[in-house]
Every structure is written in C-alpha cells, then in structure tokens.
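Trainee: Sharing input_2.cif, mmCIF, C-alpha atoms:
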data_run
#
loop_
_atom_site.label_atom_id
_atom_site.label_comp_id
_atom_site.auth_asym_id
_atom_site.auth_seq_id
_atom_site.Cartn_x
_atom_site.Cartn_y
_atom_site.Cartn_z
CA MET T 1 -106.36 27.72 -73.12
CA SER T 2 -108.59 25.79 -75.45
CA THR T 3 -109.23 22.08 -75.16
CA GLN T 4 -107.22 21.48 -78.33
CA ASP T 5 -104.24 23.40 -76.92
CA ALA T 6 -104.43 21.46 -73.66
CA LEU T 7 -104.41 18.15 -75.52
CA GLN T 8 -101.43 19.32 -77.58
CA VAL T 9 -99.52 20.23 -74.40
CA GLN T 10 -100.26 16.81 -72.88
CA SER T 11 -99.12 15.12 -76.08
CA ASP T 12 -95.87 17.12 -76.10
CA CYS T 13 -95.23 16.29 -72.44
CA ARG T 14 -95.68 12.57 -73.07
CA ARG T 15 -93.38 12.74 -76.11
CA TYR T 16 -90.67 14.57 -74.15
CA ALA T 17 -91.03 12.11 -71.28
CA VAL T 18 -90.54 9.17 -73.63
CA LEU T 19 -87.54 10.84 -75.29
CA GLY T 20 -86.08 11.61 -71.87
CA ALA T 21 -86.50 8.02 -70.73
CA VAL T 22 -84.89 6.69 -73.93
CA GLY T 23 -82.04 9.17 -73.65
CA SER T 24 -81.44 8.36 -69.98
CA THR T 25 -81.40 4.64 -70.75
CA PHE T 26 -78.91 5.18 -73.56
CA VAL T 27 -76.60 7.34 -71.46
CA GLY T 28 -76.87 4.92 -68.53
CA SER T 29 -75.96 2.01 -70.79
CA ILE T 30 -72.91 3.89 -72.08
CA LEU T 31 -71.79 4.68 -68.52
CA LEU T 32 -72.22 1.07 -67.42
CA MET T 33 -70.41 -0.36 -70.46
CA SER T 34 -67.56 2.16 -70.58
CA PRO T 35 -65.57 0.47 -67.77
CA PHE T 36 -65.56 -2.78 -69.79
CA VAL T 37 -64.08 -0.94 -72.80
CA VAL T 38 -61.51 0.88 -70.67
CA MET T 39 -60.54 -2.29 -68.79
CA GLN T 40 -60.11 -4.16 -72.07
CA LEU T 41 -57.53 -1.56 -73.05
CA ARG T 42 -55.81 -1.55 -69.64
CA SER T 43 -55.89 -5.25 -68.77
CA GLU T 44 -55.44 -8.58 -70.55
CA LEU T 45 -57.89 -10.29 -68.21
CA PRO T 46 -61.20 -11.29 -69.84
CA TYR T 47 -64.50 -11.34 -67.99
CA MET T 48 -66.31 -14.65 -67.80
CA SER T 49 -68.17 -15.88 -64.74
CA THR T 50 -66.90 -19.17 -63.34
CA PRO T 51 -69.66 -21.72 -62.64
CA ARG T 52 -70.42 -21.82 -58.90
CA ARG T 53 -70.71 -25.61 -58.87
CA LYS T 54 -67.13 -25.98 -60.14
CA VAL T 55 -65.81 -23.50 -57.59
CA LEU T 56 -67.53 -25.26 -54.69
CA LYS T 57 -66.33 -28.68 -55.84
CA ALA T 58 -62.71 -27.50 -56.07
CA LEU T 59 -62.87 -25.73 -52.69
CA LYS T 60 -64.23 -28.86 -51.04
CA PHE T 61 -61.30 -30.80 -52.47
CA ILE T 62 -58.83 -28.18 -51.20
CA SER T 63 -60.36 -28.14 -47.71
CA GLU T 64 -60.15 -31.91 -47.40
CA ARG T 65 -56.61 -32.02 -48.77
CA GLN T 66 -55.29 -29.28 -46.51
CA SER T 67 -56.99 -30.76 -43.45
CA LYS T 68 -55.45 -34.13 -44.20
CA ARG T 69 -52.00 -32.55 -44.61
CA MET T 70 -52.30 -30.71 -41.29
CA THR T 71 -53.33 -33.92 -39.56
CA GLU T 72 -50.41 -35.86 -41.02
CA GLU T 73 -47.96 -33.10 -40.08
CA LYS T 74 -49.63 -32.68 -36.69
CA SER T 75 -49.98 -28.99 -37.43
CA LYS T 76 -52.33 -26.75 -35.54
CA THR T 77 -55.61 -26.76 -37.42
CA THR T 78 -57.76 -23.68 -37.85
CA ASN T 79 -61.38 -23.18 -38.73
CA THR T 80 -60.53 -20.10 -40.81
CA ARG T 81 -59.57 -20.57 -44.44
CA ASN T 82 -58.77 -17.56 -46.62
CA PHE T 83 -59.76 -17.42 -50.28
CA TYR T 84 -58.73 -14.72 -52.75
CA ASP T 85 -60.13 -14.24 -56.24
CA LEU T 86 -57.85 -12.15 -58.46
CA GLY T 87 -60.15 -10.48 -60.95
CA SER T 88 -63.36 -11.42 -59.15
CA GLY T 89 -65.80 -10.23 -61.84
CA ASP T 90 -69.42 -10.34 -60.67
CA GLY T 91 -68.38 -11.92 -57.36
CA GLU T 92 -69.73 -15.41 -58.04
CA ALA T 93 -66.65 -17.31 -56.84
CA VAL T 94 -66.17 -15.13 -53.75
CA LEU T 95 -69.78 -15.50 -52.64
CA ALA T 96 -69.63 -19.25 -53.30
CA ALA T 97 -66.49 -19.53 -51.14
CA ALA T 98 -68.09 -17.49 -48.35
CA GLU T 99 -71.17 -19.71 -48.54
CA ALA T 100 -68.89 -22.74 -48.12
CA GLY T 101 -67.38 -21.24 -44.95
CA TRP T 102 -64.26 -19.57 -46.34
CA THR T 103 -63.22 -16.01 -45.53
CA ALA T 104 -63.32 -14.70 -49.09
CA THR T 105 -61.87 -11.60 -50.74
CA GLY T 106 -62.42 -10.52 -54.33
CA ILE T 107 -60.14 -8.02 -56.08
CA GLU T 108 -61.60 -6.33 -59.16
CA MET T 109 -60.50 -3.26 -61.11
CA ASN T 110 -63.66 -2.83 -63.19
CA PRO T 111 -65.94 -0.41 -61.25
CA THR T 112 -69.14 -1.78 -62.79
CA LEU T 113 -68.34 -5.39 -61.87
CA TRP T 114 -67.17 -4.31 -58.43
CA LEU T 115 -70.48 -2.50 -57.87
CA ILE T 116 -72.44 -5.55 -59.04
CA SER T 117 -70.43 -7.68 -56.61
CA GLN T 118 -71.17 -5.32 -53.75
CA LEU T 119 -74.89 -5.35 -54.52
CA ARG T 120 -74.92 -9.16 -54.67
CA ARG T 121 -73.11 -9.25 -51.34
CA CYS T 122 -75.68 -6.91 -49.78
CA TRP T 123 -78.48 -9.26 -50.90
CA SER T 124 -76.70 -12.35 -49.54
CA PRO T 125 -77.39 -14.00 -46.16
CA ALA T 126 -75.76 -12.39 -43.12
CA ASP T 127 -73.11 -15.10 -42.70
CA VAL T 128 -72.03 -14.74 -46.35
CA ARG T 129 -71.80 -10.96 -45.98
CA GLN T 130 -69.68 -11.36 -42.87
CA ARG T 131 -67.20 -13.70 -44.56
CA SER T 132 -66.87 -11.83 -47.87
CA ARG T 133 -65.50 -8.52 -49.10
CA PHE T 134 -64.66 -6.90 -52.43
CA VAL T 135 -61.72 -4.61 -53.10
CA LEU T 136 -61.74 -2.16 -56.01
CA GLY T 137 -58.19 -2.01 -57.33
CA ASP T 138 -55.24 -3.68 -59.02
CA MET T 139 -54.62 -7.28 -57.97
CA PHE T 140 -50.86 -6.75 -58.16
CA GLN T 141 -51.07 -4.05 -55.48
CA GLN T 142 -52.81 -6.36 -52.96
CA ARG T 143 -51.06 -8.66 -50.49
CA LEU T 144 -51.96 -12.37 -50.45
CA ASP T 145 -49.93 -13.42 -47.39
CA SER T 146 -52.84 -15.03 -45.57
CA ALA T 147 -54.20 -16.95 -48.57
CA ASP T 148 -54.96 -20.66 -48.29
CA ALA T 149 -56.41 -20.64 -51.81
CA VAL T 150 -56.06 -18.14 -54.66
CA MET T 151 -58.21 -18.23 -57.77
CA ILE T 152 -57.39 -16.66 -61.11
CA PHE T 153 -59.18 -16.56 -64.44
CA GLY T 154 -56.58 -15.13 -66.78
CA VAL T 155 -54.90 -15.43 -70.15
CA LYS T 156 -51.51 -16.88 -71.07
CA PRO T 157 -49.59 -13.59 -71.48
CA LEU T 158 -50.53 -12.55 -67.94
CA MET T 159 -50.05 -15.90 -66.22
CA PRO T 160 -46.26 -15.59 -65.62
CA ARG T 161 -46.76 -12.28 -63.79
CA ILE T 162 -49.56 -13.80 -61.72
CA ALA T 163 -47.41 -16.84 -60.93
CA ALA T 164 -44.59 -14.57 -59.78
CA LYS T 165 -47.01 -12.61 -57.58
CA ILE T 166 -48.36 -15.76 -55.93
CA SER T 167 -44.87 -17.23 -55.47
CA THR T 168 -43.75 -14.04 -53.73
CA ASP T 169 -46.79 -13.56 -51.48
CA CYS T 170 -48.10 -17.01 -50.59
CA GLU T 171 -46.60 -19.59 -48.27
CA GLY T 172 -45.97 -23.26 -49.01
CA GLY T 173 -49.04 -25.46 -49.07
CA ALA T 174 -51.31 -22.75 -50.47
CA CYS T 175 -53.47 -23.81 -53.40
CA VAL T 176 -53.93 -21.99 -56.69
CA MET T 177 -57.15 -22.42 -58.67
CA SER T 178 -57.39 -21.59 -62.35
CA TYR T 179 -60.41 -22.02 -64.60
CA ARG T 180 -59.55 -23.01 -68.18
CA PHE T 181 -56.06 -21.47 -68.19
CA ARG T 182 -52.88 -23.15 -66.98
CA ILE T 183 -50.25 -21.58 -64.75
CA PRO T 184 -46.55 -22.08 -65.56
CA THR T 185 -44.81 -24.33 -63.03
CA GLU T 186 -41.25 -25.48 -62.43
CA GLY T 187 -40.20 -28.05 -65.05
CA ASN T 188 -42.45 -29.34 -67.83
CA GLY T 189 -44.58 -31.54 -65.57
CA ASN T 190 -47.35 -30.73 -63.14
CA GLY T 191 -49.85 -29.98 -65.86
CA SER T 192 -47.96 -27.19 -67.64
CA THR T 193 -46.94 -27.59 -71.24
CA LYS T 194 -43.48 -26.69 -72.55
CA GLU T 195 -45.10 -23.77 -74.38
CA ASP T 196 -46.55 -22.47 -71.07
CA ASN T 197 -43.13 -22.59 -69.43
CA ASP T 198 -41.25 -21.15 -72.42
CA ARG T 199 -43.48 -18.06 -72.20
CA SER T 200 -43.10 -17.68 -68.47
CA ASN T 201 -39.99 -15.47 -68.46
CA GLY T 202 -39.03 -16.91 -65.09
CA GLY T 203 -42.39 -16.46 -63.42
CA LYS T 204 -43.17 -20.03 -62.38
CA LEU T 205 -44.82 -21.70 -59.44
CA ASP T 206 -43.02 -24.36 -57.45
CA ALA T 207 -46.24 -26.35 -57.34
CA GLU T 208 -47.87 -29.65 -58.19
CA MET T 209 -51.16 -30.04 -60.01
CA VAL T 210 -53.47 -31.92 -57.64
CA TYR T 211 -56.89 -31.44 -59.25
CA ASP T 212 -58.08 -31.27 -62.86
CA GLU T 213 -61.81 -31.62 -63.49
CA GLU T 214 -64.17 -29.84 -65.90
CA GLU T 215 -61.55 -27.22 -66.85
CA MET T 216 -61.01 -26.29 -63.20
CA ARG T 217 -57.44 -26.95 -62.08
CA VAL T 218 -55.76 -26.72 -58.70
CA TRP T 219 -52.04 -26.54 -57.99
CA GLN T 220 -50.60 -26.90 -54.49
CA MET T 221 -47.45 -24.93 -53.76
CA SER T 222 -44.49 -26.83 -52.41
CA THR T 223 -44.41 -26.91 -48.61
CA SER T 224 -40.71 -26.07 -48.82
CA VAL T 225 -41.62 -22.54 -49.91
CA PRO T 226 -40.83 -20.27 -46.92
CA ARG T 227 -43.43 -17.98 -45.40
CA PRO T 228 -43.07 -14.48 -46.95
CA ALA T 229 -41.42 -11.81 -44.86
CA GLY T 230 -43.95 -9.60 -43.12
CA SER T 231 -46.75 -12.11 -43.61
CA GLU T 232 -47.48 -12.06 -39.91
CA SER T 233 -49.14 -8.70 -40.34
CA ALA T 234 -52.80 -8.53 -41.30
CA ASP T 235 -53.92 -7.61 -44.77
CA ASP T 236 -55.06 -4.07 -45.38
#
Using the file provided, produce a representation of the structure as structure tokens.
Mentor:
Amino acid sequence: MSTQDALQVQSDCRRYAVLGAVGSTFVGSILLMSPFVVMQLRSELPYMSTPRRKVLKALKFISERQSKRMTEEKSKTTNTRNFYDLGSGDGEAVLAAAEAGWTATGIEMNPTLWLISQLRRCWSPADVRQRSRFVLGDMFQQRLDSADAVMIFGVKPLMPRIAAKISTDCEGGACVMSYRFRIPTEGNGNGSTKEDNDRSNGGKLDAEMVYDEEEMRVWQMSTSVPRPAGSESADD
C-alpha cells in the first residue's frame, strides 16, 4: 500500500469515527428525551425542579409544628419522619428531605428522571443514601400510609385526584406540600379558591393551610381524619 493510500485510509477512518460519534450522540439524545415526550402524552404532571431552599424551609416548619402538636397532645414522639414526593423528577426534594433527616421516598414514572435520581442518590453522602429511595412507577399505585409529609408539584386538572388519594391513604395530622399549585380543600377557605373547589369533583382535603411562602404551600390534614385501614403494615 502506497503512502497516499495509507493516508486516505486514515482520513476515512477519522471521518467514519466522527460520523459515528455524531450519530451515537443523536440517537442517545433521542432515547433520553423520548420518555419526556411519552410522559407528556400519558400524564398531566409537568417537570420543574423545586428549589431545595424552599423545600428545606417548609420541612423545617412541618417538623417544628408536628413536634409541638405531639407535645401538646402528649403523644409518643418519634425520631423518624416519612416524606413522599409524588412525581419526584430529578430527586431534588427527596434528597433535600433525606439531608434534613427525613426518611424520604420519591415516586416517578419517567424512566430518565428516575435514573437521574438514582445516580444523584449514589453520589450523595452515606446517610442521605440510607434515608432515601426512588420508586419507578405510578404514584396512584403506591401506598402513603406512613407519610408525615407528602409533596406534589401538579396541575389543576390532576389535583382533585391527588387530593382524593392523599385523603384515602394518609392519617390526620399529615402535611401536604405543594409548590405553586393549590389543592382543593373542604369549603372555600384554607387557601383554596372557589374555582379550585368547583373543579374538584368531590376530591377535597379536610385540611387547613398552615404555611404559604414563596409559592410553597403546606396544608395540615384534620386530626379527626381516622388512620386508614391496613396502615399498620409496612409499605412495599
């Protein structure tokens, strides 16, 4: 093989390598983005990461409020607090809760976001890894019996169904966090507008708004709500 032929072969190899790299990047991008397109068709939930600072501030408020209530009621206090994020996205809120000492579970149906969450968890400190987990699946198929706090970032058409889910699963005194969007509650007070409640189709929380700062809102469910049947059993 002549020198000229050898140079031509090297040039072709470099060109094919570049084309292969570009093609692989393109295909990889399509594979990573496809779950977002599919989820947009399957679910009304948008994806937008909630600022960690706002999550931590709300969780601190909830911890102090629940501790105070337990002291006043002379209830048995526990060092374990359970946090659930319905539609956990990139895992920011779950990892923040775990960092703050909560036992935190994120439920996400988008495989790409779930994988990102798992990777972030793997890179987190050991104590955060121990207190956090991410479930790939439908939030409405998961039990929330042990929840002390539930967080949701949703849209109005889906809020009544979420409210019904929380009302069914969670016991009285549990707190519900929502960033930007309001949850329909009993009556026209407690932070819900008449429009919110008119759209609820019966799915309302018997709860009081107790926190409203920087678009982060917290409702506390009425303590008269009975503990759900079967809630003594552990979550799957």
Trainee: To one decimal place, how far is atom CA of T:Cys170 from atom CA of T:Ser146 in Å?
Mentor: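 Going from atom CA of T:Cys170 over to atom CA of T:Ser146, I get 7.2 Å.
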Trainee: Extract, using all atoms listed in the file, all DNA, RNA and protein residues at most 8 Å from stretch 65-67 of chain T, discarding same-chain residues fewer than 3 positions from it, and format them as a list in words.
Mentor: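 Here the answer would be Phe61, Ile62, Met70, Thr71, Thr77 and Gly173 of chain T.
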Trainee: Quick one: what's the axis-aligned box for stretch 85-93 of chain T, all listed atoms, 6 Å on every side, centre and edges in Å to one decimal, as AutoDock Vina command-line options?
Mentor:
--center_x -63.8 --center_y -13.8 --center_z -59.0 --size_x 23.9 --size_y 19.1 --size_z 17.6
Trainee: Would you pick out the contacts of T:Lys60 at 12 Å or less, using all atoms listed in the file, so that residues sharing its chain but fewer than 5 positions from it are not included, and give the list as a PyMOL selection string?
Mentor: chain T and resi 53-55+65-67+81+96-97+99-102+149+211+218
Trainee: Save out the residues we just selected, C-alpha atoms, as a PDB file, in the coordinates of the input.
Mentor:
ATOM      1  CA  ARG T  53     -70.710 -25.610 -58.870  1.00  0.00           C
ATOM      2  CA  LYS T  54     -67.130 -25.980 -60.140  1.00  0.00           C
ATOM      3  CA  VAL T  55     -65.810 -23.500 -57.590  1.00  0.00           C
ATOM      4  CA  ARG T  65     -56.610 -32.020 -48.770  1.00  0.00           C
ATOM      5  CA  GLN T  66     -55.290 -29.280 -46.510  1.00  0.00           C
ATOM      6  CA  SER T  67     -56.990 -30.760 -43.450  1.00  0.00           C
ATOM      7  CA  ARG T  81     -59.570 -20.570 -44.440  1.00  0.00           C
ATOM      8  CA  ALA T  96     -69.630 -19.250 -53.300  1.00  0.00           C
ATOM      9  CA  ALA T  97     -66.490 -19.530 -51.140  1.00  0.00           C
ATOM     10  CA  GLU T  99     -71.170 -19.710 -48.540  1.00  0.00           C
ATOM     11  CA  ALA T 100     -68.890 -22.740 -48.120  1.00  0.00           C
ATOM     12  CA  GLY T 101     -67.380 -21.240 -44.950  1.00  0.00           C
ATOM     13  CA  TRP T 102     -64.260 -19.570 -46.340  1.00  0.00           C
ATOM     14  CA  ALA T 149     -56.410 -20.640 -51.810  1.00  0.00           C
ATOM     15  CA  TYR T 211     -56.890 -31.440 -59.250  1.00  0.00           C
ATOM     16  CA  VAL T 218     -55.760 -26.720 -58.700  1.00  0.00           C
TER      17      VAL T 218
END
Trainee: What's the 6 Å shell around stretch 109-116 of chain T, counting only C-alpha atoms, without same-chain residues fewer than 2 positions away, as an NGL selection string?
Mentor: :T and (35 or 89-90 or 118-119 or 136-138)
Trainee: Between atom CA of T:Glu64 and atom CA of T:Leu86, measure the distance and give it in Å to one decimal.
Mentor: 22.8 Å
Trainee: Using the chain letters and numbers from the file, which residues does the PyMOL selection byres ((chain T and resi 87) around 8) grab, as a ChimeraX atom specification?
Mentor: /T:45,85-86,88-89,106-109,139,152-153
Trainee: Pick out the residues sitting within 9 Å of T:Trp219, and hand them over as a PDB file with C-alpha atoms, in the frame of the given file; count all atoms listed in the file, and ignore anything fewer than 3 positions along from it in its own chain.
Mentor:
ATOM      1  CA  ALA T 174     -51.310 -22.750 -50.470  1.00  0.00           C
ATOM      2  CA  CYS T 175     -53.470 -23.810 -53.400  1.00  0.00           C
ATOM      3  CA  VAL T 176     -53.930 -21.990 -56.690  1.00  0.00           C
ATOM      4  CA  MET T 177     -57.150 -22.420 -58.670  1.00  0.00           C
ATOM      5  CA  SER T 178     -57.390 -21.590 -62.350  1.00  0.00           C
ATOM      6  CA  ILE T 183     -50.250 -21.580 -64.750  1.00  0.00           C
ATOM      7  CA  ASN T 190     -47.350 -30.730 -63.140  1.00  0.00           C
ATOM      8  CA  GLY T 191     -49.850 -29.980 -65.860  1.00  0.00           C
ATOM      9  CA  LEU T 205     -44.820 -21.700 -59.440  1.00  0.00           C
ATOM     10  CA  ALA T 207     -46.240 -26.350 -57.340  1.00  0.00           C
ATOM     11  CA  GLU T 208     -47.870 -29.650 -58.190  1.00  0.00           C
ATOM     12  CA  MET T 209     -51.160 -30.040 -60.010  1.00  0.00           C
ATOM     13  CA  VAL T 210     -53.470 -31.920 -57.640  1.00  0.00           C
ATOM     14  CA  TYR T 211     -56.890 -31.440 -59.250  1.00  0.00           C
TER      15      TYR T 211
END
Trainee: So, counting only C-alpha atoms, which residue among T:Met151, T:Leu158, T:Cys122, T:Leu144 is closest to T:Met216?
Mentor: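 Among the listed residues, T:Met151 lies closest to T:Met216.
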Trainee: Fewer than 4 positions away in the same chain doesn't count, so skip those; otherwise give me all residues within 7 Å of T:Asp206, counting only C-alpha atoms, as a count of residues only.
Mentor: 4
Trainee: Report, in Å to a single decimal, how far apart atom CA of T:Asp145 and atom CA of T:Ile166 are.
Mentor: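 Atom-to-atom, atom CA of T:Ile166 and atom CA of T:Asp145 are spaced 9.0 Å apart.
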